[in-house]
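One file, structure.csv, carrying CSV, C-alpha atoms:
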```csv
chain,number,residue,atom,x,y,z
A,1,ALA,CA,99.2,139.8,33.7
A,2,PRO,CA,99.7,138.1,37.1
A,3,GLU,CA,103.3,138.0,38.3
A,4,ASN,CA,102.8,135.0,40.6
A,5,PRO,CA,100.0,132.5,41.4
A,6,GLU,CA,98.8,134.5,44.4
A,7,ASP,CA,97.9,137.7,42.5
A,8,ASP,CA,94.2,138.3,42.8
A,9,CYS,CA,92.8,139.2,39.3
A,10,THR,CA,89.1,138.9,40.0
A,11,ARG,CA,88.4,142.5,38.9
A,12,GLY,CA,90.3,143.4,35.7
A,13,ILE,CA,91.6,140.3,34.0
A,14,VAL,CA,94.5,139.7,31.6
A,15,VAL,CA,95.4,136.0,31.2
A,16,HIS,CA,99.0,135.7,30.1
A,17,PHE,CA,100.3,132.3,29.0
A,18,ARG,CA,103.8,133.3,27.9
A,19,GLY,CA,107.1,132.7,29.6
A,20,PRO,CA,107.4,131.1,33.1
A,21,ARG,CA,103.7,131.7,33.7
A,22,LYS,CA,102.9,128.8,31.5
A,23,ASN,CA,104.1,126.5,34.3
A,24,TRP,CA,101.4,127.5,36.7
A,25,MET,CA,98.6,129.1,34.6
A,26,VAL,CA,96.5,126.0,34.5
A,27,ASP,CA,96.3,125.9,38.3
A,28,TYR,CA,95.9,129.7,38.4
A,29,CYS,CA,92.8,129.6,36.1
A,30,HIS,CA,91.3,126.8,38.2
A,31,HIS,CA,91.9,128.7,41.5
A,32,TRP,CA,90.7,132.2,40.4
A,33,PHE,CA,88.2,131.5,37.6
A,34,GLY,CA,87.0,128.0,38.3
A,35,LEU,CA,88.2,126.7,34.9
A,36,GLY,CA,89.4,123.2,34.6
A,37,ASP,CA,90.6,120.8,37.3
A,38,GLY,CA,93.8,122.6,38.1
A,39,MET,CA,97.1,120.9,38.8
A,40,GLN,CA,97.1,117.9,41.0
A,41,ILE,CA,100.2,116.1,42.1
A,42,LYS,CA,100.0,112.6,43.6
A,43,VAL,CA,103.1,110.9,44.8
A,44,ALA,CA,102.9,107.1,44.7
A,45,PRO,CA,104.8,104.9,47.2
A,46,ASN,CA,108.3,104.1,46.1
A,47,THR,CA,107.7,100.4,46.5
A,48,ASP,CA,104.5,98.5,45.4
A,49,ASP,CA,102.0,96.9,47.8
A,50,ALA,CA,103.2,93.4,47.1
A,51,VAL,CA,106.7,94.2,48.3
A,52,ALA,CA,105.4,96.0,51.4
A,53,ILE,CA,103.2,93.1,52.3
A,54,ALA,CA,106.1,90.6,51.9
A,55,ASN,CA,108.2,92.8,54.1
A,56,ILE,CA,105.5,92.9,56.8
A,57,ARG,CA,105.1,89.1,56.8
A,58,ALA,CA,108.9,88.7,57.1
A,59,ASN,CA,109.2,91.2,59.9
A,60,LEU,CA,106.2,89.8,61.8
A,61,ALA,CA,107.8,86.4,61.7
A,62,THR,CA,110.8,87.7,63.6
A,63,PRO,CA,110.1,88.5,67.3
A,64,ARG,CA,110.4,92.2,67.8
A,65,THR,CA,109.3,94.9,70.3
A,66,THR,CA,106.2,96.6,68.9
A,67,LEU,CA,105.2,100.1,69.6
A,68,ASP,CA,102.2,100.6,71.8
A,69,GLN,CA,100.5,103.9,72.7
A,70,LEU,CA,101.9,105.3,75.9
A,71,PRO,CA,100.3,107.7,78.5
A,72,GLU,CA,100.7,111.4,78.2
A,73,ASN,CA,104.0,112.8,79.5
A,74,LYS,CA,105.4,116.2,80.1
A,75,GLY,CA,108.5,115.7,77.9
A,76,VAL,CA,109.5,117.7,74.9
A,77,ALA,CA,109.9,116.0,71.5
A,78,VAL,CA,112.4,117.5,69.1
A,79,LEU,CA,111.9,116.1,65.6
A,80,VAL,CA,114.9,116.7,63.2
A,81,GLY,CA,114.5,116.3,59.5
A,82,SER,CA,117.2,116.7,56.8
A,83,GLY,CA,116.2,120.0,55.3
A,84,PRO,CA,119.0,122.5,54.8
A,85,SER,CA,117.7,124.9,57.5
A,86,ALA,CA,118.5,122.3,60.2
A,87,ALA,CA,122.1,123.5,60.0
A,88,ASP,CA,121.0,126.9,61.1
A,89,SER,CA,119.4,125.4,64.2
A,90,LEU,CA,122.2,123.1,65.3
A,91,ASP,CA,122.9,125.1,68.5
A,92,ALA,CA,119.2,125.3,69.3
A,93,ILE,CA,118.8,121.5,68.9
A,94,ARG,CA,121.9,121.0,71.1
A,95,SER,CA,120.5,123.3,73.8
A,96,MET,CA,117.1,121.5,73.8
A,97,ALA,CA,118.9,118.1,74.1
A,98,GLU,CA,120.9,119.4,77.0
A,99,LEU,CA,117.7,120.5,78.7
A,100,GLY,CA,116.3,117.0,78.5
A,101,ALA,CA,114.3,117.0,75.2
A,102,THR,CA,113.9,113.7,73.4
A,103,ILE,CA,115.5,113.9,70.0
A,104,PHE,CA,113.8,112.0,67.1
A,105,ALA,CA,116.0,111.9,63.9
A,106,MET,CA,114.6,111.0,60.5
A,107,ASN,CA,116.7,109.0,58.0
A,108,GLY,CA,120.1,110.7,57.4
A,109,SER,CA,119.7,113.4,60.1
A,110,ALA,CA,120.5,110.7,62.7
A,111,ARG,CA,124.1,110.4,61.4
A,112,TRP,CA,124.3,114.1,60.8
A,113,LEU,CA,123.4,114.9,64.5
A,114,ALA,CA,125.8,112.2,65.8
A,115,ASP,CA,128.6,113.7,63.7
A,116,ASN,CA,127.9,117.1,65.3
A,117,GLY,CA,128.0,115.7,68.8
A,118,ILE,CA,124.3,115.2,69.4
A,119,MET,CA,123.3,111.6,69.9
A,120,PRO,CA,119.6,111.3,69.0
A,121,HIS,CA,117.4,109.3,71.3
A,122,PHE,CA,115.5,107.7,68.4
A,123,GLY,CA,116.1,107.2,64.7
A,124,VAL,CA,113.0,106.9,62.6
A,125,MET,CA,112.6,105.0,59.4
A,126,LEU,CA,109.5,104.7,57.1
A,127,ASP,CA,110.9,104.3,53.6
A,128,MET,CA,110.6,100.7,52.3
A,129,ARG,CA,113.7,100.7,50.0
A,130,PRO,CA,116.5,98.3,51.0
A,131,GLY,CA,119.1,100.9,50.2
A,132,ASN,CA,118.1,102.9,53.3
A,133,THR,CA,120.4,100.7,55.3
A,134,ARG,CA,122.9,103.5,54.6
A,135,PHE,CA,121.1,105.7,57.1
A,136,ILE,CA,121.4,103.2,59.9
A,137,GLU,CA,124.6,101.4,59.6
A,138,GLY,CA,127.1,102.4,62.3
A,139,VAL,CA,124.8,105.1,63.7
A,140,GLU,CA,124.4,105.1,67.5
A,141,THR,CA,121.2,106.2,69.2
A,142,GLN,CA,120.4,106.5,72.9
A,143,LEU,CA,117.1,104.5,72.8
A,144,GLY,CA,117.3,102.7,69.4
A,145,TRP,CA,115.4,102.9,66.1
A,146,LEU,CA,111.7,103.2,65.4
A,147,ILE,CA,111.2,101.3,62.1
A,148,ALA,CA,107.9,100.7,60.2
A,149,SER,CA,106.9,97.0,59.7
A,150,HIS,CA,106.7,97.5,56.0
A,151,CYS,CA,110.4,98.4,55.7
A,152,ASP,CA,112.8,95.9,54.1
A,153,PRO,CA,114.1,93.3,56.6
A,154,ALA,CA,117.7,94.5,55.6
A,155,VAL,CA,116.9,97.8,57.3
A,156,PHE,CA,116.2,96.0,60.6
A,157,ALA,CA,119.3,94.0,60.2
A,158,ALA,CA,121.4,97.1,59.7
A,159,VAL,CA,120.7,98.4,63.3
A,160,PRO,CA,123.9,98.3,65.2
A,161,GLU,CA,124.3,95.2,67.4
A,162,GLY,CA,122.9,95.7,70.9
A,163,ALA,CA,120.8,98.7,69.9
A,164,ALA,CA,117.1,98.5,70.6
A,165,THR,CA,114.6,98.3,67.7
A,166,THR,CA,110.9,99.1,68.0
A,167,MET,CA,108.7,98.2,65.1
A,168,PHE,CA,105.6,100.3,64.4
A,169,HIS,CA,102.7,99.6,62.0
A,170,PHE,CA,102.0,102.3,59.5
A,171,GLY,CA,98.3,102.8,59.0
A,172,ALA,CA,98.1,102.6,55.2
A,173,GLU,CA,94.7,101.1,54.3
A,174,ALA,CA,96.1,98.5,51.9
A,175,MET,CA,98.4,97.2,54.6
A,176,ARG,CA,95.8,96.9,57.4
A,177,PRO,CA,94.5,93.4,56.5
A,178,HIS,CA,98.1,92.1,56.9
A,179,LEU,CA,98.8,93.6,60.3
A,180,PRO,CA,98.0,92.0,63.7
A,181,GLU,CA,94.4,92.6,64.8
A,182,GLY,CA,94.1,95.4,67.3
A,183,CYS,CA,97.6,96.7,66.8
A,184,ALA,CA,98.4,100.4,67.1
A,185,LEU,CA,98.2,102.1,63.7
A,186,ILE,CA,100.5,105.1,63.1
A,187,GLY,CA,99.3,107.6,60.5
A,188,GLY,CA,100.8,110.8,59.3
A,189,GLY,CA,102.2,109.8,55.8
A,190,PRO,CA,103.3,110.3,53.1
A,191,THR,CA,106.7,111.1,54.6
A,192,VAL,CA,108.8,110.0,57.6
A,193,GLY,CA,108.7,113.6,59.0
A,194,LEU,CA,104.9,113.7,59.2
A,195,THR,CA,104.7,110.1,60.5
A,196,ALA,CA,107.3,111.0,63.2
A,197,MET,CA,104.9,113.7,64.5
A,198,VAL,CA,102.2,111.0,65.0
A,199,LEU,CA,104.8,108.7,66.6
A,200,ALA,CA,105.7,111.4,69.1
A,201,VAL,CA,102.0,111.8,70.1
A,202,ALA,CA,101.6,108.0,70.4
A,203,LEU,CA,104.6,107.9,72.7
A,204,GLY,CA,102.9,110.4,75.0
A,205,PHE,CA,104.5,113.7,73.9
A,206,ARG,CA,102.3,116.8,73.8
A,207,GLU,CA,104.9,119.4,72.9
A,208,MET,CA,107.0,119.0,69.8
A,209,HIS,CA,109.5,121.2,67.9
A,210,LEU,CA,110.2,120.6,64.3
A,211,PHE,CA,113.6,121.3,62.7
A,212,GLY,CA,114.8,120.7,59.1
A,213,TYR,CA,111.2,120.3,57.8
A,214,ASP,CA,111.9,122.6,54.9
A,215,SER,CA,110.1,120.7,52.1
A,216,SER,CA,112.2,122.8,49.7
A,217,HIS,CA,115.7,123.3,48.5
A,218,ARG,CA,118.1,126.0,49.4
A,219,GLY,CA,119.8,126.9,46.1
A,220,ARG,CA,121.0,123.5,44.9
A,221,GLN,CA,121.0,122.0,48.3
A,222,SER,CA,118.2,119.5,49.0
A,223,HIS,CA,119.3,118.1,52.3
A,224,VAL,CA,121.5,119.2,55.2
A,225,VAL,CA,124.0,116.5,54.1
A,226,ALA,CA,124.2,115.5,50.4
A,227,GLN,CA,122.6,112.2,49.6
A,228,PRO,CA,121.8,110.3,46.3
A,229,VAL,CA,118.4,110.8,44.8
A,230,ASP,CA,116.3,108.5,42.6
A,231,SER,CA,114.6,109.6,39.3
A,232,VAL,CA,111.4,110.7,41.1
A,233,GLU,CA,113.2,112.7,43.7
A,234,ALA,CA,115.3,114.4,40.9
A,235,LYS,CA,112.1,115.9,39.4
A,236,MET,CA,111.9,119.5,40.5
A,237,LEU,CA,108.9,121.9,40.9
A,238,ASP,CA,108.8,125.6,41.3
A,239,VAL,CA,106.2,126.4,43.9
A,240,PHE,CA,104.8,129.8,45.0
A,241,PHE,CA,103.5,130.4,48.5
A,242,GLY,CA,103.2,133.5,50.7
A,243,GLY,CA,104.6,135.7,47.9
A,244,ARG,CA,107.8,133.5,47.7
A,245,GLU,CA,109.0,131.0,45.1
A,246,PHE,CA,110.5,127.7,46.3
A,247,THR,CA,112.2,124.9,44.4
A,248,THR,CA,111.1,121.4,45.6
A,249,SER,CA,110.8,117.8,44.6
A,250,LEU,CA,107.6,115.7,44.3
A,251,GLY,CA,108.1,114.0,47.6
A,252,MET,CA,108.8,117.3,49.5
A,253,TYR,CA,105.8,118.9,47.8
A,254,ALA,CA,103.6,116.0,49.0
A,255,GLN,CA,104.9,116.6,52.5
A,256,ALA,CA,104.1,120.3,52.3
A,257,GLN,CA,100.6,119.6,51.0
A,258,ALA,CA,99.9,117.1,53.8
A,259,PHE,CA,101.4,119.1,56.6
A,260,GLN,CA,98.3,121.2,57.5
A,261,PRO,CA,95.9,118.2,57.4
A,262,THR,CA,98.3,116.2,59.5
A,263,CYS,CA,98.4,119.0,62.2
A,264,ALA,CA,94.6,119.2,62.0
A,265,ALA,CA,94.2,115.5,62.6
A,266,ILE,CA,96.6,115.5,65.5
A,267,TRP,CA,94.8,118.5,67.1
A,268,GLU,CA,91.4,116.8,66.6
A,269,ALA,CA,92.6,113.7,68.4
A,270,MET,CA,94.7,115.5,71.0
A,271,PRO,CA,93.8,119.2,71.3
A,272,SER,CA,96.5,119.7,74.0
A,273,VAL,CA,99.4,119.1,71.5
A,274,ARG,CA,101.6,122.1,70.9
A,275,ILE,CA,103.7,122.3,67.7
A,276,ALA,CA,106.5,124.7,66.9
A,277,VAL,CA,108.2,124.8,63.5
A,278,HIS,CA,111.7,126.2,63.2
A,279,GLY,CA,113.8,127.2,60.2
A,280,ASP,CA,112.9,128.6,56.8
A,281,GLY,CA,111.5,126.9,53.8
A,282,LEU,CA,108.2,126.1,52.1
A,283,LEU,CA,106.8,124.1,55.0
A,284,GLN,CA,107.8,126.7,57.5
A,285,THR,CA,106.2,129.4,55.4
A,286,ILE,CA,103.0,127.3,55.3
A,287,TRP,CA,103.2,127.1,59.1
A,288,ARG,CA,103.5,130.8,59.6
A,289,SER,CA,100.4,131.3,57.4
A,290,MET,CA,98.6,128.8,59.6
A,291,LEU,CA,99.5,130.9,62.7
A,292,ILE,CA,98.3,134.1,61.0
A,293,ASP,CA,95.0,132.4,60.0
A,294,SER,CA,94.6,131.1,63.5
A,295,ASP,CA,95.2,134.6,65.0
A,296,ALA,CA,92.7,136.1,62.6
A,297,ALA,CA,90.1,133.5,63.4
A,298,GLN,CA,90.5,134.1,67.2
A,299,ALA,CA,90.3,137.9,66.7
A,300,ALA,CA,87.1,137.4,64.6
```

Go ahead and render the structure in this file as structure tokens.
Amino acid sequence: APENPEDDCTRGIVVHFRGPRKNWMVDYCHHWFGLGDGMQIKVAPNTDDAVAIANIRANLATPRTTLDQLPENKGVAVLVGSGPSAADSLDAIRSMAELGATIFAMNGSARWLADNGIMPHFGVMLDMRPGNTRFIEGVETQLGWLIASHCDPAVFAAVPEGAATTMFHFGAEAMRPHLPEGCALIGGGPTVGLTAMVLAVALGFREMHLFGYDSSHRGRQSHVVAQPVDSVEAKMLDVFFGGREFTTSLGMYAQAQAFQPTCAAIWEAMPSVRIAVHGDGLLQTIWRSMLIDSDAAQAA
């Protein structure tokens, strides 16, 4: 009987459906034996299209600075998510900031960095829910906030007075007919972390370092700073990868699934982009496997 989903049983086979194996045996049989459709997880947007379109119309009606693609620069982009491993890298993030790197902070990591004496250059917001004003209120940044045009207008209003706000247009297909013709479209979804990677490239950066992109929990800790979760985020999955077991949520799992295709799309458009992923979690384990596969391909 296989002990984990990566055990190759293409020679002698005992299919065992008892105990914890039941949670992943459907996907296991699909992967190794070609039986059934396997397990597919799709994460729907947390706000429906009608709300997003209404937000876009309201935000376009207010004059705002809009993001445009910038020429290539020689700067270093440091992207900080809220995964628990970000705390392990606080000194490294601080050192890179002192050496002149541009710090992009996603959601709650902006306040966390500021509380630890590192003022991010940009805060980044993609989530459409109005409650995300809590990530912005009272948080100072050096260059302002990058906020998607489909975000609730209350999120824009929460930016501290006098701080710059740059609106960007997320490239979701359903939203495109409602966006200005010829505008720059930013891909990378389904999470703010992946979108921030594309934002950094659009702003001209060709070297980026990712911190706190765990896409998994550390024990019971889901974020570097505790934050409330909704009913979807509260649903947990046990995921096996690289001989390790990780606990994650549906949204984090979606980010882990989309990470490699996002990197591939960035490299296809901009082959000179260099990416480094720091910390330890599900996504970092995927990253290390990508490096191993790349080294093996080059050796072949």

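Across the structure, atom CA of Met119 of chain A and atom CA of His209 of chain A are spaced 16.9 Å apart.
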
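For the choices A:Met236, A:Met106, A:Ala258, A:Ala265, the atom-to-atom distance to Trp287 of chain A is smallest for A:Ala258 when using all atoms listed in the file.
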
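Take the candidates A:Phe259, A:Tyr28, A:Phe156, A:Phe205 and check each one against Val192 of chain A using all atoms listed in the file; the shortest distance goes to A:Phe259.
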
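If you look at atom CA of Met96 of chain A and atom CA of Ala264 of chain A, they are 25.5 Å away from each other.
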
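Atom CA of Gly83 of chain A to atom CA of Tyr213 of chain A spans 5.6 Å [interatomic distance, one decimal].
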
List as a PDB file with C-alpha atoms, in the coordinates of the input the protein and nucleic acid residues near Thr195 of chain A, meaning an atom at most 10 Å away when all atoms listed in the file are counted, but skip any in the same chain fewer than 5 places from it.
```pdb
ATOM      1  CA  MET A 106     114.600 111.000  60.500  1.00  0.00           C
ATOM      2  CA  VAL A 124     113.000 106.900  62.600  1.00  0.00           C
ATOM      3  CA  MET A 125     112.600 105.000  59.400  1.00  0.00           C
ATOM      4  CA  LEU A 126     109.500 104.700  57.100  1.00  0.00           C
ATOM      5  CA  ALA A 148     107.900 100.700  60.200  1.00  0.00           C
ATOM      6  CA  PHE A 170     102.000 102.300  59.500  1.00  0.00           C
ATOM      7  CA  GLY A 171      98.300 102.800  59.000  1.00  0.00           C
ATOM      8  CA  ILE A 186     100.500 105.100  63.100  1.00  0.00           C
ATOM      9  CA  GLY A 187      99.300 107.600  60.500  1.00  0.00           C
ATOM     10  CA  GLY A 188     100.800 110.800  59.300  1.00  0.00           C
ATOM     11  CA  GLY A 189     102.200 109.800  55.800  1.00  0.00           C
ATOM     12  CA  PRO A 190     103.300 110.300  53.100  1.00  0.00           C
ATOM     13  CA  ALA A 200     105.700 111.400  69.100  1.00  0.00           C
ATOM     14  CA  THR A 262      98.300 116.200  59.500  1.00  0.00           C
TER      15      THR A 262
END
```

Fewer than 5 positions away in the same chain doesn't count, so skip those; otherwise give me all residues within 10 Å of Ala54 of chain A, counting only C-alpha atoms, as a ChimeraX atom specification. /A:49,59-60,150-153,178

Could you please take those selected residues and save C-alpha atoms as a CSV table (one decimal), in the frame of the given file?
```
chain,number,residue,atom,x,y,z
A,49,ASP,CA,102.0,96.9,47.8
A,59,ASN,CA,109.2,91.2,59.9
A,60,LEU,CA,106.2,89.8,61.8
A,150,HIS,CA,106.7,97.5,56.0
A,151,CYS,CA,110.4,98.4,55.7
A,152,ASP,CA,112.8,95.9,54.1
A,153,PRO,CA,114.1,93.3,56.6
A,178,HIS,CA,98.1,92.1,56.9
```

Which polymer residues have any atom within 12 Å of an atom of Arg274 of chain A, counting all atoms listed in the file, with same-chain residues fewer than 5 positions away left out, as a list in words? Lys74, Gly75, Val76, Ala77, Val78, Met197, Ala200, Val201, Phe205, Arg206, Glu207, Met208, His209, Leu210, Cys263, Ala264, Ile266 and Trp267 of chain A

Show me the residues close to (97.4, 97.8, 64.7) - anything with an atom within 10 Å, counting all atoms listed in the file - and format the list as JSON, numbers by chain. {"A": [66, 67, 68, 168, 169, 170, 171, 176, 177, 178, 179, 180, 181, 182, 183, 184, 185, 186]}

Looking at only C-alpha atoms, which of A:Pro130, A:Gly243, A:Asp238, A:Leu79 is the one that sits closest to Ala105 of chain A? A:Leu79

Shell of 10 Å around Asn116 of chain A, all atoms listed in the file, local chain residues under 6 positions omitted, as a ChimeraX atom specification: /A:90-91,94

Fewer than 2 positions away in the same chain doesn't count, so skip those; otherwise give me all residues within 8 Å of Thr166 of chain A, counting all atoms listed in the file, as a PyMOL selection string. chain A and resi 64-67+144-147+164+168

Nearest to Val139 of chain A among A:Arg220, A:Glu245, A:Val155, A:Asp115, with distances taken over only C-alpha atoms: which residue is it? A:Asp115

Extract segment 144-188 of chain A from the coordinates I pasted, and write it as a short mmCIF file (atom, residue, chain, number, x, y, z; two decimals), in the first residue's frame (atoms kept: C-alpha atoms).
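Output file out_6.cif is given in full below:
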```cif
data_model
loop_
_atom_site.label_atom_id
_atom_site.label_comp_id
_atom_site.auth_asym_id
_atom_site.auth_seq_id
_atom_site.Cartn_x
_atom_site.Cartn_y
_atom_site.Cartn_z
CA GLY A 144 2.09 54.46 -2.01
CA TRP A 145 -0.32 51.65 -2.80
CA LEU A 146 -0.86 49.62 -5.98
CA ILE A 147 -4.57 48.73 -6.00
CA ALA A 148 -6.54 46.78 -8.61
CA SER A 149 -9.35 48.70 -10.32
CA HIS A 150 -11.84 45.99 -9.34
CA CYS A 151 -11.24 46.58 -5.60
CA ASP A 152 -13.99 48.12 -3.51
CA PRO A 153 -13.86 51.94 -3.59
CA ALA A 154 -13.60 51.85 0.22
CA VAL A 155 -10.16 50.28 -0.19
CA PHE A 156 -8.97 53.30 -2.19
CA ALA A 157 -10.52 55.63 0.38
CA ALA A 158 -8.61 53.88 3.17
CA VAL A 159 -5.19 54.93 1.81
CA PRO A 160 -3.67 57.42 4.30
CA GLU A 161 -4.13 61.05 3.32
CA GLY A 162 -1.31 62.33 1.16
CA ALA A 163 -0.10 58.87 0.15
CA ALA A 164 0.11 58.07 -3.55
CA THR A 165 -2.30 55.57 -5.07
CA THR A 166 -1.70 53.86 -8.40
CA MET A 167 -4.53 51.85 -9.91
CA PHE A 168 -3.77 48.83 -12.08
CA HIS A 169 -6.10 46.76 -14.22
CA PHE A 170 -6.18 43.05 -13.50
CA GLY A 171 -6.43 41.08 -16.72
CA ALA A 172 -9.37 38.80 -15.88
CA GLU A 173 -11.16 38.01 -19.13
CA ALA A 174 -14.62 38.89 -17.80
CA MET A 175 -13.42 42.34 -16.79
CA ARG A 176 -11.69 43.35 -20.03
CA PRO A 177 -14.78 44.76 -21.83
CA HIS A 178 -15.22 47.17 -18.92
CA LEU A 179 -11.65 48.48 -18.87
CA PRO A 180 -10.23 51.37 -20.92
CA GLU A 181 -9.20 50.38 -24.43
CA GLY A 182 -5.48 49.81 -24.77
CA CYS A 183 -4.79 49.87 -21.02
CA ALA A 184 -2.01 47.77 -19.51
CA LEU A 185 -3.42 44.47 -18.27
CA ILE A 186 -1.74 42.77 -15.31
CA GLY A 187 -2.03 38.99 -15.11
CA GLY A 188 -0.68 36.54 -12.58
#
```
